[in-house]
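Student: Here it is: the structure, laid out below.
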Amino acid sequence: EVFVDKIKSYNSLLFQKNAFELGKYIADTSGITRDLQSKTEEIERFENLGELFNAMKDFTERVPEESIDMETGEDLSDYFPSLDRFLNEIALLTDADEDDKQDQNKVKLMTIHSAKGLEFPHVYIVGLEEKLFPSYMTQSTTELEEERRLFYVAITRAKHCLTISYAQSRFLFGSTNFCTPSRFLMEIDSQLIEEPLQNLTKTFYKESSHIALPKKILSKPLVQRKTSATPSVSKENLNLSAEIADINQLKVGLKIFHDKFGIGSIQEVLDEGVNSKAIIAFEQFGVKTMLLRFAKLKIIQ
């Protein structure tokens with residue numbers, strides 16, 4: 001009963017808090033954040049949670065350039081970056097498993113642990129910052145030595161060229177944090193650095209002025225959008241009418257099909273002439289207001 005009440009309380013906040021605010025509120029008040037943060041063995045899951053918050057924050061800060069989504073016909077005039085809208089967008093994203101297995105022109109991403117025993121011509125190690133590598137959860141000398149051994153494993157994976165980088169600032173858990181370069185960087189022999197640069201002269205790194213500062217900090221989305229997202233139900237399996245051209249063809253309760261959002265049910269029809277709209281409850285993507293002249297709806301017969 002307590003669990004059900006908590007879920008209902010979260011649902012009541014769906015349009016009061018944006019995706020980032022509500023997502024972080026749920027994680028904090030449910031104990032998820034505290035539980036992952038307190039367990040050493042859950043560090044990767046805790047960091048994944050931080051990346052999820054980053055994606056939510058990025059989503060809430062994106063403002064639609066137009067009041068109508070010209071691809072789908074959705075009315076965005078009352079756009080609000082809610083958590084359900086964020087989840088709907090995630091449902092339209094692909095992951096690396098769907099990539100072309102024959103295409104070898106790509107970078108392999110892996111943890112240092114999974115790279116043990118492997119070698120590559122070129123290796124890139126990112127995130128050489130204090131509290132990241134070594135981890136903020138490193139408490140003892142023994143744990144620090146284990147992190148140092150792990151760093152050794154990482155740098156010895158490279159056959160010909162090793163590139164190491166760190167960020168001057170990092171967007172984590174929805175806020176910007178300024179970073180300190182990892183202590184491991186100052187342990188590298190300066191004669192092994194191919195292009196020594198200056199500018200790193202802070203007290204802790206007085207002896208490490210050869211470490212290069214990044215010229216540009218680039219950010220990349222957590223996931224990549226499919227070129228053409230498709231609903232789980234194929235229209236080939238449905239008996240569909242031609243595209244709806246007249247608002248009089250619609251009525252409340254009518255089942256329709258949309259190429260991107262799939263099957264839905266008409267909840268309300270708004271006759272506004274050339275700007276007539278339909279409020280539709282889609283099975284996968286929730287309730288959306290669609291501008292009929294762009295939506296390309298088809299009746300399921």
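Letters A, B, ... go to the chains of the structure tokens in the order shown; residues in each chain start at 1; ligands are counted from 1 in the same order.
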Which residues are close to A:Gln284, i.e. within 8 Å by only C-alpha atoms, leaving aside same-chain residues fewer than 3 positions away? Reply as a ChimeraX atom specification.

Tutor: /A:88,261-263

Student: What lies within 8 Å of A:Gly23 using only C-alpha atoms, ignoring chain neighbours under 4 positions off, as number ranges by chain?

Tutor: A: 19, 27, 53, 56, 83

Student: How far is it from atom CA of A:Leu162 to atom CA of A:Asn48, in Å with one decimal?

Tutor: 25.8 Å

Student: Taking the DSSP assignment computed from this structure's backbone, write out as a count of residues only all residues of stretch 6-210 of chain A that belong to helix (DSSP H, G or I).

Tutor: 89

Student: Can you work out the spacing between atom CA of A:Leu144 and atom CA of A:Pro181 in Å, to one decimal?

Tutor: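 Here the two named atoms are 15.6 Å from each other.
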
Student: Which residue, A:Thr176, A:Met290, A:Thr163, A:Leu297, has the smallest gap to A:Ser77 when you use only C-alpha atoms?

Tutor: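 Checking each candidate against A:Ser77, we get A:Met290 as the closest.
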
Student: Using only C-alpha atoms, find each residue in stretch 43-140 of chain A having at least one atom no more than 12 Å away from stretch 269-283 of chain A; report its shortest atom-to-atom pair and that distance in Å (one decimal), rows by chain then rising number, as JSON lines.

Tutor:
{"residue": "A:Ile68", "atom": "CA", "partner": "A:Asn275", "partner_atom": "CA", "distance": 10.7}
{"residue": "A:Gly73", "atom": "CA", "partner": "A:Lys277", "partner_atom": "CA", "distance": 9.4}
{"residue": "A:Glu74", "atom": "CA", "partner": "A:Lys277", "partner_atom": "CA", "distance": 9.0}
{"residue": "A:Asp75", "atom": "CA", "partner": "A:Lys277", "partner_atom": "CA", "distance": 8.1}
{"residue": "A:Leu76", "atom": "CA", "partner": "A:Lys277", "partner_atom": "CA", "distance": 11.8}
{"residue": "A:Asn88", "atom": "CA", "partner": "A:Phe282", "partner_atom": "CA", "distance": 10.8}

Student: Those same residues, written as a PDB file, in the first residue's frame with N, CA, C and O atoms?

Tutor:
ATOM      1  N   ILE A  68       4.788  23.209 -34.303  1.00  0.00           N
ATOM      2  CA  ILE A  68       4.270  21.966 -34.881  1.00  0.00           C
ATOM      3  C   ILE A  68       5.449  21.088 -35.278  1.00  0.00           C
ATOM      4  O   ILE A  68       6.413  21.554 -35.891  1.00  0.00           O
ATOM      5  N   GLY A  73       3.260  15.823 -37.149  1.00  0.00           N
ATOM      6  CA  GLY A  73       2.012  16.560 -37.048  1.00  0.00           C
ATOM      7  C   GLY A  73       1.600  16.851 -35.616  1.00  0.00           C
ATOM      8  O   GLY A  73       0.503  17.364 -35.364  1.00  0.00           O
ATOM      9  N   GLU A  74       2.451  16.556 -34.636  1.00  0.00           N
ATOM     10  CA  GLU A  74       2.102  16.795 -33.232  1.00  0.00           C
ATOM     11  C   GLU A  74       2.106  18.288 -32.920  1.00  0.00           C
ATOM     12  O   GLU A  74       3.011  19.023 -33.325  1.00  0.00           O
ATOM     13  N   ASP A  75       1.108  18.751 -32.190  1.00  0.00           N
ATOM     14  CA  ASP A  75       1.002  20.145 -31.766  1.00  0.00           C
ATOM     15  C   ASP A  75       1.906  20.356 -30.543  1.00  0.00           C
ATOM     16  O   ASP A  75       1.721  19.731 -29.503  1.00  0.00           O
ATOM     17  N   LEU A  76       2.898  21.236 -30.668  1.00  0.00           N
ATOM     18  CA  LEU A  76       3.858  21.478 -29.590  1.00  0.00           C
ATOM     19  C   LEU A  76       3.670  22.850 -28.952  1.00  0.00           C
ATOM     20  O   LEU A  76       4.551  23.323 -28.230  1.00  0.00           O
ATOM     21  N   ASN A  88       9.090   8.434 -23.716  1.00  0.00           N
ATOM     22  CA  ASN A  88       8.616   8.152 -25.067  1.00  0.00           C
ATOM     23  C   ASN A  88       9.732   8.352 -26.081  1.00  0.00           C
ATOM     24  O   ASN A  88       9.870   7.584 -27.042  1.00  0.00           O
TER      25      ASN A  88
END

Student: Please indicate the distance in Å from atom CA of A:Val252 to atom CA of A:Ile266, rounded to one decimal place.

Tutor: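 Spanning atom CA of A:Val252 to atom CA of A:Ile266 is a straight-line distance of 5.0 Å.
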
Student: Excluding same-chain residues fewer than 2 positions from A:Lys251, what lies within 8 Å of it counting only C-alpha atoms, as a PDB file with all heavy atoms, in the first residue's frame?

Tutor:
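Contents of around.pdb, as written:
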ATOM      1  N   ASN A 248     -14.382  15.442 -40.514  1.00  0.00           N
ATOM      2  CA  ASN A 248     -15.655  14.738 -40.314  1.00  0.00           C
ATOM      3  C   ASN A 248     -15.503  13.215 -40.354  1.00  0.00           C
ATOM      4  O   ASN A 248     -16.431  12.487 -40.006  1.00  0.00           O
ATOM      5  CB  ASN A 248     -16.674  15.196 -41.367  1.00  0.00           C
ATOM      6  CG  ASN A 248     -17.035  16.663 -41.193  1.00  0.00           C
ATOM      7  OD1 ASN A 248     -17.203  17.137 -40.074  1.00  0.00           O
ATOM      8  ND2 ASN A 248     -17.138  17.392 -42.306  1.00  0.00           N
ATOM      9  N   GLN A 249     -14.344  12.758 -40.791  1.00  0.00           N
ATOM     10  CA  GLN A 249     -14.087  11.315 -40.798  1.00  0.00           C
ATOM     11  C   GLN A 249     -13.766  10.797 -39.387  1.00  0.00           C
ATOM     12  O   GLN A 249     -13.767   9.590 -39.155  1.00  0.00           O
ATOM     13  CB  GLN A 249     -12.903  10.985 -41.719  1.00  0.00           C
ATOM     14  CG  GLN A 249     -13.144  11.256 -43.198  1.00  0.00           C
ATOM     15  CD  GLN A 249     -11.895  10.995 -44.011  1.00  0.00           C
ATOM     16  OE1 GLN A 249     -11.177  11.897 -44.416  1.00  0.00           O
ATOM     17  NE2 GLN A 249     -11.630   9.716 -44.260  1.00  0.00           N
ATOM     18  N   GLY A 253     -13.292   7.722 -29.940  1.00  0.00           N
ATOM     19  CA  GLY A 253     -13.253   6.265 -29.817  1.00  0.00           C
ATOM     20  C   GLY A 253     -12.730   5.561 -31.045  1.00  0.00           C
ATOM     21  O   GLY A 253     -12.436   4.359 -30.999  1.00  0.00           O
ATOM     22  N   LEU A 254     -12.597   6.301 -32.158  1.00  0.00           N
ATOM     23  CA  LEU A 254     -12.128   5.690 -33.402  1.00  0.00           C
ATOM     24  C   LEU A 254     -10.660   5.273 -33.269  1.00  0.00           C
ATOM     25  O   LEU A 254      -9.829   6.008 -32.741  1.00  0.00           O
ATOM     26  CB  LEU A 254     -12.278   6.691 -34.552  1.00  0.00           C
ATOM     27  CG  LEU A 254     -12.027   6.178 -35.972  1.00  0.00           C
ATOM     28  CD1 LEU A 254     -13.110   5.187 -36.366  1.00  0.00           C
ATOM     29  CD2 LEU A 254     -11.978   7.352 -36.944  1.00  0.00           C
ATOM     30  N   ILE A 266      -8.945   8.001 -30.725  1.00  0.00           N
ATOM     31  CA  ILE A 266      -9.352   9.403 -30.695  1.00  0.00           C
ATOM     32  C   ILE A 266     -10.057   9.713 -29.367  1.00  0.00           C
ATOM     33  O   ILE A 266     -11.028   9.075 -28.995  1.00  0.00           O
ATOM     34  CB  ILE A 266     -10.311   9.736 -31.862  1.00  0.00           C
ATOM     35  CG1 ILE A 266      -9.663   9.401 -33.208  1.00  0.00           C
ATOM     36  CG2 ILE A 266     -10.727  11.210 -31.812  1.00  0.00           C
ATOM     37  CD1 ILE A 266      -8.517  10.267 -33.599  1.00  0.00           C
ATOM     38  N   GLU A 268     -10.570  13.250 -28.482  1.00  0.00           N
ATOM     39  CA  GLU A 268     -11.329  14.486 -28.705  1.00  0.00           C
ATOM     40  C   GLU A 268     -10.968  15.041 -30.073  1.00  0.00           C
ATOM     41  O   GLU A 268      -9.835  14.911 -30.535  1.00  0.00           O
ATOM     42  CB  GLU A 268     -10.995  15.517 -27.613  1.00  0.00           C
ATOM     43  CG  GLU A 268     -11.856  16.780 -27.667  1.00  0.00           C
ATOM     44  CD  GLU A 268     -11.537  17.744 -26.526  1.00  0.00           C
ATOM     45  OE1 GLU A 268     -10.784  17.358 -25.604  1.00  0.00           O
ATOM     46  OE2 GLU A 268     -12.037  18.890 -26.580  1.00  0.00           O
ATOM     47  N   VAL A 269     -11.948  15.647 -30.739  1.00  0.00           N
ATOM     48  CA  VAL A 269     -11.730  16.267 -32.049  1.00  0.00           C
ATOM     49  C   VAL A 269     -11.977  17.764 -31.916  1.00  0.00           C
ATOM     50  O   VAL A 269     -13.019  18.189 -31.417  1.00  0.00           O
ATOM     51  CB  VAL A 269     -12.666  15.664 -33.120  1.00  0.00           C
ATOM     52  CG1 VAL A 269     -12.439  16.352 -34.466  1.00  0.00           C
ATOM     53  CG2 VAL A 269     -12.442  14.163 -33.238  1.00  0.00           C
TER      54      VAL A 269
END

Student: What's the 12 Å shell around A:Tyr25, counting only C-alpha atoms, without same-chain residues fewer than 4 positions away, as an MDAnalysis selection string?

Tutor: chainID A and resid 6 9:11 13:14 17:21 29:33 53 83 173

Student: Deliver the residues from the most recent selection as a file, using all heavy atoms, as a compact mmCIF listing (two decimals), in the first residue's frame.

Tutor:
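Listing of out03.txt after writing:
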# COMPACT_ATOMS: atom_id res chain seq x y z
N LYS A 6 3.14 5.86 -3.01
CA LYS A 6 4.31 6.59 -3.49
C LYS A 6 4.26 6.77 -5.01
O LYS A 6 4.56 7.86 -5.52
CB LYS A 6 5.58 5.84 -3.08
CG LYS A 6 6.88 6.57 -3.42
CD LYS A 6 8.09 5.92 -2.75
CE LYS A 6 8.09 6.20 -1.26
NZ LYS A 6 9.35 5.77 -0.63
N SER A 9 1.81 9.42 -5.83
CA SER A 9 2.33 10.77 -5.53
C SER A 9 3.28 11.23 -6.64
O SER A 9 3.29 12.41 -7.00
CB SER A 9 3.04 10.77 -4.18
OG SER A 9 4.26 10.06 -4.22
N TYR A 10 4.08 10.31 -7.18
CA TYR A 10 4.97 10.66 -8.28
C TYR A 10 4.16 11.02 -9.52
O TYR A 10 4.48 11.98 -10.24
CB TYR A 10 5.90 9.48 -8.62
CG TYR A 10 6.89 9.14 -7.53
CD1 TYR A 10 7.35 7.83 -7.37
CD2 TYR A 10 7.39 10.12 -6.67
CE1 TYR A 10 8.27 7.50 -6.39
CE2 TYR A 10 8.30 9.79 -5.67
CZ TYR A 10 8.74 8.48 -5.53
OH TYR A 10 9.64 8.16 -4.56
N ASN A 11 3.10 10.26 -9.77
CA ASN A 11 2.26 10.51 -10.95
C ASN A 11 1.59 11.89 -10.87
O ASN A 11 1.42 12.56 -11.90
CB ASN A 11 1.19 9.42 -11.05
CG ASN A 11 0.41 9.51 -12.35
OD1 ASN A 11 0.97 9.38 -13.43
ND2 ASN A 11 -0.89 9.75 -12.24
N LEU A 13 2.86 14.50 -9.87
CA LEU A 13 3.85 15.54 -10.14
C LEU A 13 4.28 15.57 -11.61
O LEU A 13 5.15 16.34 -11.99
CB LEU A 13 5.09 15.33 -9.27
CG LEU A 13 4.88 15.41 -7.75
CD1 LEU A 13 6.16 15.00 -7.02
CD2 LEU A 13 4.46 16.80 -7.34
N LEU A 14 3.66 14.72 -12.43
CA LEU A 14 4.10 14.53 -13.81
C LEU A 14 4.16 15.83 -14.60
O LEU A 14 5.08 16.03 -15.40
CB LEU A 14 3.18 13.53 -14.52
CG LEU A 14 3.61 13.07 -15.92
CD1 LEU A 14 4.98 12.42 -15.87
CD2 LEU A 14 2.59 12.11 -16.50
N LYS A 17 6.64 18.97 -12.39
CA LYS A 17 8.09 18.95 -12.46
C LYS A 17 8.51 18.43 -13.83
O LYS A 17 7.87 17.53 -14.37
CB LYS A 17 8.68 18.03 -11.37
CG LYS A 17 8.45 18.50 -9.93
CD LYS A 17 9.03 17.49 -8.95
CE LYS A 17 8.87 17.92 -7.50
NZ LYS A 17 9.74 19.06 -7.16
N ASN A 18 9.58 19.01 -14.38
CA ASN A 18 10.04 18.53 -15.67
C ASN A 18 10.74 17.18 -15.51
O ASN A 18 10.90 16.67 -14.39
CB ASN A 18 10.95 19.55 -16.36
CG ASN A 18 12.23 19.84 -15.58
OD1 ASN A 18 12.83 18.95 -14.98
ND2 ASN A 18 12.66 21.10 -15.60
N ALA A 19 11.19 16.60 -16.62
CA ALA A 19 11.75 15.24 -16.60
C ALA A 19 12.93 15.12 -15.65
O ALA A 19 13.02 14.16 -14.87
CB ALA A 19 12.17 14.84 -18.01
N PHE A 20 13.83 16.09 -15.68
CA PHE A 20 15.01 16.03 -14.80
C PHE A 20 14.61 16.17 -13.33
O PHE A 20 15.05 15.40 -12.47
CB PHE A 20 16.01 17.13 -15.18
CG PHE A 20 17.12 17.29 -14.18
CD1 PHE A 20 18.09 16.30 -14.04
CD2 PHE A 20 17.18 18.41 -13.37
CE1 PHE A 20 19.12 16.44 -13.10
CE2 PHE A 20 18.20 18.55 -12.43
CZ PHE A 20 19.17 17.57 -12.30
N GLU A 21 13.78 17.16 -13.04
CA GLU A 21 13.37 17.39 -11.65
C GLU A 21 12.64 16.20 -11.06
O GLU A 21 12.94 15.76 -9.94
CB GLU A 21 12.48 18.64 -11.58
CG GLU A 21 13.18 19.93 -11.93
CD GLU A 21 12.22 21.10 -12.12
OE1 GLU A 21 11.02 20.85 -12.35
OE2 GLU A 21 12.68 22.26 -12.05
N THR A 29 14.10 10.26 -3.42
CA THR A 29 13.11 9.96 -2.37
C THR A 29 12.80 8.46 -2.26
O THR A 29 12.34 8.00 -1.22
CB THR A 29 11.80 10.72 -2.61
OG1 THR A 29 11.27 10.37 -3.91
CG2 THR A 29 12.03 12.22 -2.55
N SER A 30 13.05 7.71 -3.33
CA SER A 30 12.81 6.27 -3.28
C SER A 30 13.97 5.50 -2.66
O SER A 30 13.85 4.32 -2.34
CB SER A 30 12.54 5.73 -4.68
OG SER A 30 13.71 5.84 -5.49
N GLY A 31 15.11 6.19 -2.51
CA GLY A 31 16.28 5.54 -1.92
C GLY A 31 17.24 4.96 -2.94
O GLY A 31 18.28 4.41 -2.57
N ILE A 32 16.91 5.08 -4.25
CA ILE A 32 17.77 4.51 -5.28
C ILE A 32 19.16 5.16 -5.26
O ILE A 32 20.19 4.48 -5.25
CB ILE A 32 17.13 4.68 -6.68
CG1 ILE A 32 15.86 3.84 -6.78
CG2 ILE A 32 18.11 4.29 -7.78
CD1 ILE A 32 15.08 4.04 -8.06
N THR A 33 19.19 6.49 -5.22
CA THR A 33 20.48 7.21 -5.22
C THR A 33 21.30 6.84 -4.00
O THR A 33 22.49 6.52 -4.10
CB THR A 33 20.23 8.73 -5.23
OG1 THR A 33 19.44 9.08 -6.37
CG2 THR A 33 21.55 9.49 -5.30
N PHE A 53 20.61 11.14 -15.54
CA PHE A 53 20.22 12.50 -15.13
C PHE A 53 20.73 13.53 -16.12
O PHE A 53 20.03 14.50 -16.43
CB PHE A 53 20.77 12.81 -13.73
CG PHE A 53 20.12 12.05 -12.62
CD1 PHE A 53 20.80 11.78 -11.43
CD2 PHE A 53 18.83 11.59 -12.73
CE1 PHE A 53 20.19 11.08 -10.40
CE2 PHE A 53 18.21 10.88 -11.71
CZ PHE A 53 18.90 10.63 -10.54
N LEU A 83 8.43 13.86 -17.81
CA LEU A 83 9.14 12.58 -17.73
C LEU A 83 8.57 11.56 -18.71
O LEU A 83 9.32 10.80 -19.32
CB LEU A 83 9.06 12.04 -16.30
CG LEU A 83 9.82 10.74 -16.02
CD1 LEU A 83 11.30 10.90 -16.35
CD2 LEU A 83 9.66 10.32 -14.56
N PHE A 173 25.11 14.56 -12.77
CA PHE A 173 23.93 14.65 -11.93
C PHE A 173 23.22 16.00 -12.10
O PHE A 173 22.73 16.60 -11.14
CB PHE A 173 24.28 14.41 -10.46
CG PHE A 173 24.61 12.98 -10.16
CD1 PHE A 173 25.93 12.54 -10.20
CD2 PHE A 173 23.62 12.06 -9.89
CE1 PHE A 173 26.24 11.21 -9.95
CE2 PHE A 173 23.92 10.73 -9.65
CZ PHE A 173 25.23 10.30 -9.68

Student: May I have the residues within 10 Å of A:Met137 as an mmCIF file with all heavy atoms, in the first residue's frame, using only C-alpha atoms and disregarding those fewer than 6 positions away in the same chain?

Tutor:
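Below is the file selection_22.cif, written as the result:
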data_model
loop_
_atom_site.group_PDB
_atom_site.id
_atom_site.type_symbol
_atom_site.label_atom_id
_atom_site.label_comp_id
_atom_site.auth_asym_id
_atom_site.auth_seq_id
_atom_site.Cartn_x
_atom_site.Cartn_y
_atom_site.Cartn_z
ATOM 1 N N GLN A 37 24.885 4.779 -4.064
ATOM 2 C CA GLN A 37 26.037 5.575 -3.642
ATOM 3 C C GLN A 37 26.768 4.926 -2.467
ATOM 4 O O GLN A 37 27.982 5.100 -2.306
ATOM 5 C CB GLN A 37 25.572 6.980 -3.257
ATOM 6 C CG GLN A 37 26.702 7.985 -3.120
ATOM 7 C CD GLN A 37 26.155 9.398 -2.956
ATOM 8 O OE1 GLN A 37 24.985 9.596 -2.639
ATOM 9 N NE2 GLN A 37 26.998 10.380 -3.187
ATOM 10 N N SER A 38 26.056 4.160 -1.668
ATOM 11 C CA SER A 38 26.644 3.592 -0.451
ATOM 12 C C SER A 38 27.351 2.262 -0.683
ATOM 13 O O SER A 38 28.056 1.772 0.190
ATOM 14 C CB SER A 38 25.551 3.390 0.606
ATOM 15 O OG SER A 38 24.587 2.442 0.171
ATOM 16 N N LYS A 39 27.183 1.674 -1.878
ATOM 17 C CA LYS A 39 27.753 0.357 -2.138
ATOM 18 C C LYS A 39 28.894 0.447 -3.143
ATOM 19 O O LYS A 39 28.704 0.886 -4.268
ATOM 20 C CB LYS A 39 26.677 -0.591 -2.673
ATOM 21 C CG LYS A 39 25.554 -0.860 -1.673
ATOM 22 C CD LYS A 39 24.493 -1.773 -2.279
ATOM 23 C CE LYS A 39 23.370 -2.044 -1.287
ATOM 24 N NZ LYS A 39 22.298 -2.887 -1.872
ATOM 25 N N THR A 40 30.082 0.042 -2.703
ATOM 26 C CA THR A 40 31.266 0.108 -3.557
ATOM 27 C C THR A 40 31.087 -0.689 -4.844
ATOM 28 O O THR A 40 31.498 -0.261 -5.922
ATOM 29 C CB THR A 40 32.495 -0.432 -2.804
ATOM 30 O OG1 THR A 40 32.640 0.279 -1.581
ATOM 31 C CG2 THR A 40 33.762 -0.281 -3.629
ATOM 32 N N ILE A 43 29.288 0.980 -8.091
ATOM 33 C CA ILE A 43 29.790 2.267 -8.585
ATOM 34 C C ILE A 43 29.424 2.515 -10.046
ATOM 35 O O ILE A 43 29.049 3.628 -10.424
ATOM 36 C CB ILE A 43 31.325 2.380 -8.393
ATOM 37 C CG1 ILE A 43 31.816 3.754 -8.874
ATOM 38 C CG2 ILE A 43 32.068 1.254 -9.080
ATOM 39 C CD1 ILE A 43 33.247 4.032 -8.530
ATOM 40 N N LYS A 131 38.695 11.762 -8.502
ATOM 41 C CA LYS A 131 37.344 11.328 -8.128
ATOM 42 C C LYS A 131 36.677 10.506 -9.221
ATOM 43 O O LYS A 131 35.571 10.007 -9.036
ATOM 44 C CB LYS A 131 36.441 12.497 -7.723
ATOM 45 C CG LYS A 131 36.953 13.274 -6.508
ATOM 46 C CD LYS A 131 35.961 14.343 -6.096
ATOM 47 C CE LYS A 131 36.465 15.086 -4.863
ATOM 48 N NZ LYS A 131 35.501 16.126 -4.413
ATOM 49 N N GLU A 143 43.436 0.365 -1.931
ATOM 50 C CA GLU A 143 42.489 0.643 -3.013
ATOM 51 C C GLU A 143 43.105 1.557 -4.063
ATOM 52 O O GLU A 143 42.857 1.400 -5.264
ATOM 53 C CB GLU A 143 41.222 1.261 -2.435
ATOM 54 C CG GLU A 143 40.400 0.285 -1.603
ATOM 55 C CD GLU A 143 39.237 0.951 -0.892
ATOM 56 O OE1 GLU A 143 39.296 2.184 -0.663
ATOM 57 O OE2 GLU A 143 38.266 0.252 -0.566
ATOM 58 N N LEU A 144 43.923 2.521 -3.604
ATOM 59 C CA LEU A 144 44.589 3.424 -4.541
ATOM 60 C C LEU A 144 45.581 2.659 -5.413
ATOM 61 O O LEU A 144 45.679 2.908 -6.622
ATOM 62 C CB LEU A 144 45.314 4.540 -3.778
ATOM 63 C CG LEU A 144 46.056 5.572 -4.642
ATOM 64 C CD1 LEU A 144 45.088 6.273 -5.589
ATOM 65 C CD2 LEU A 144 46.770 6.588 -3.768
#

Student: With only C-alpha atoms as the basis for distance, which of A:Glu130, A:Ala55, A:Leu118, A:Asp84 is at the shortest distance from A:Ile155?

Tutor: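 Smallest distance to A:Ile155 is found for A:Leu118.
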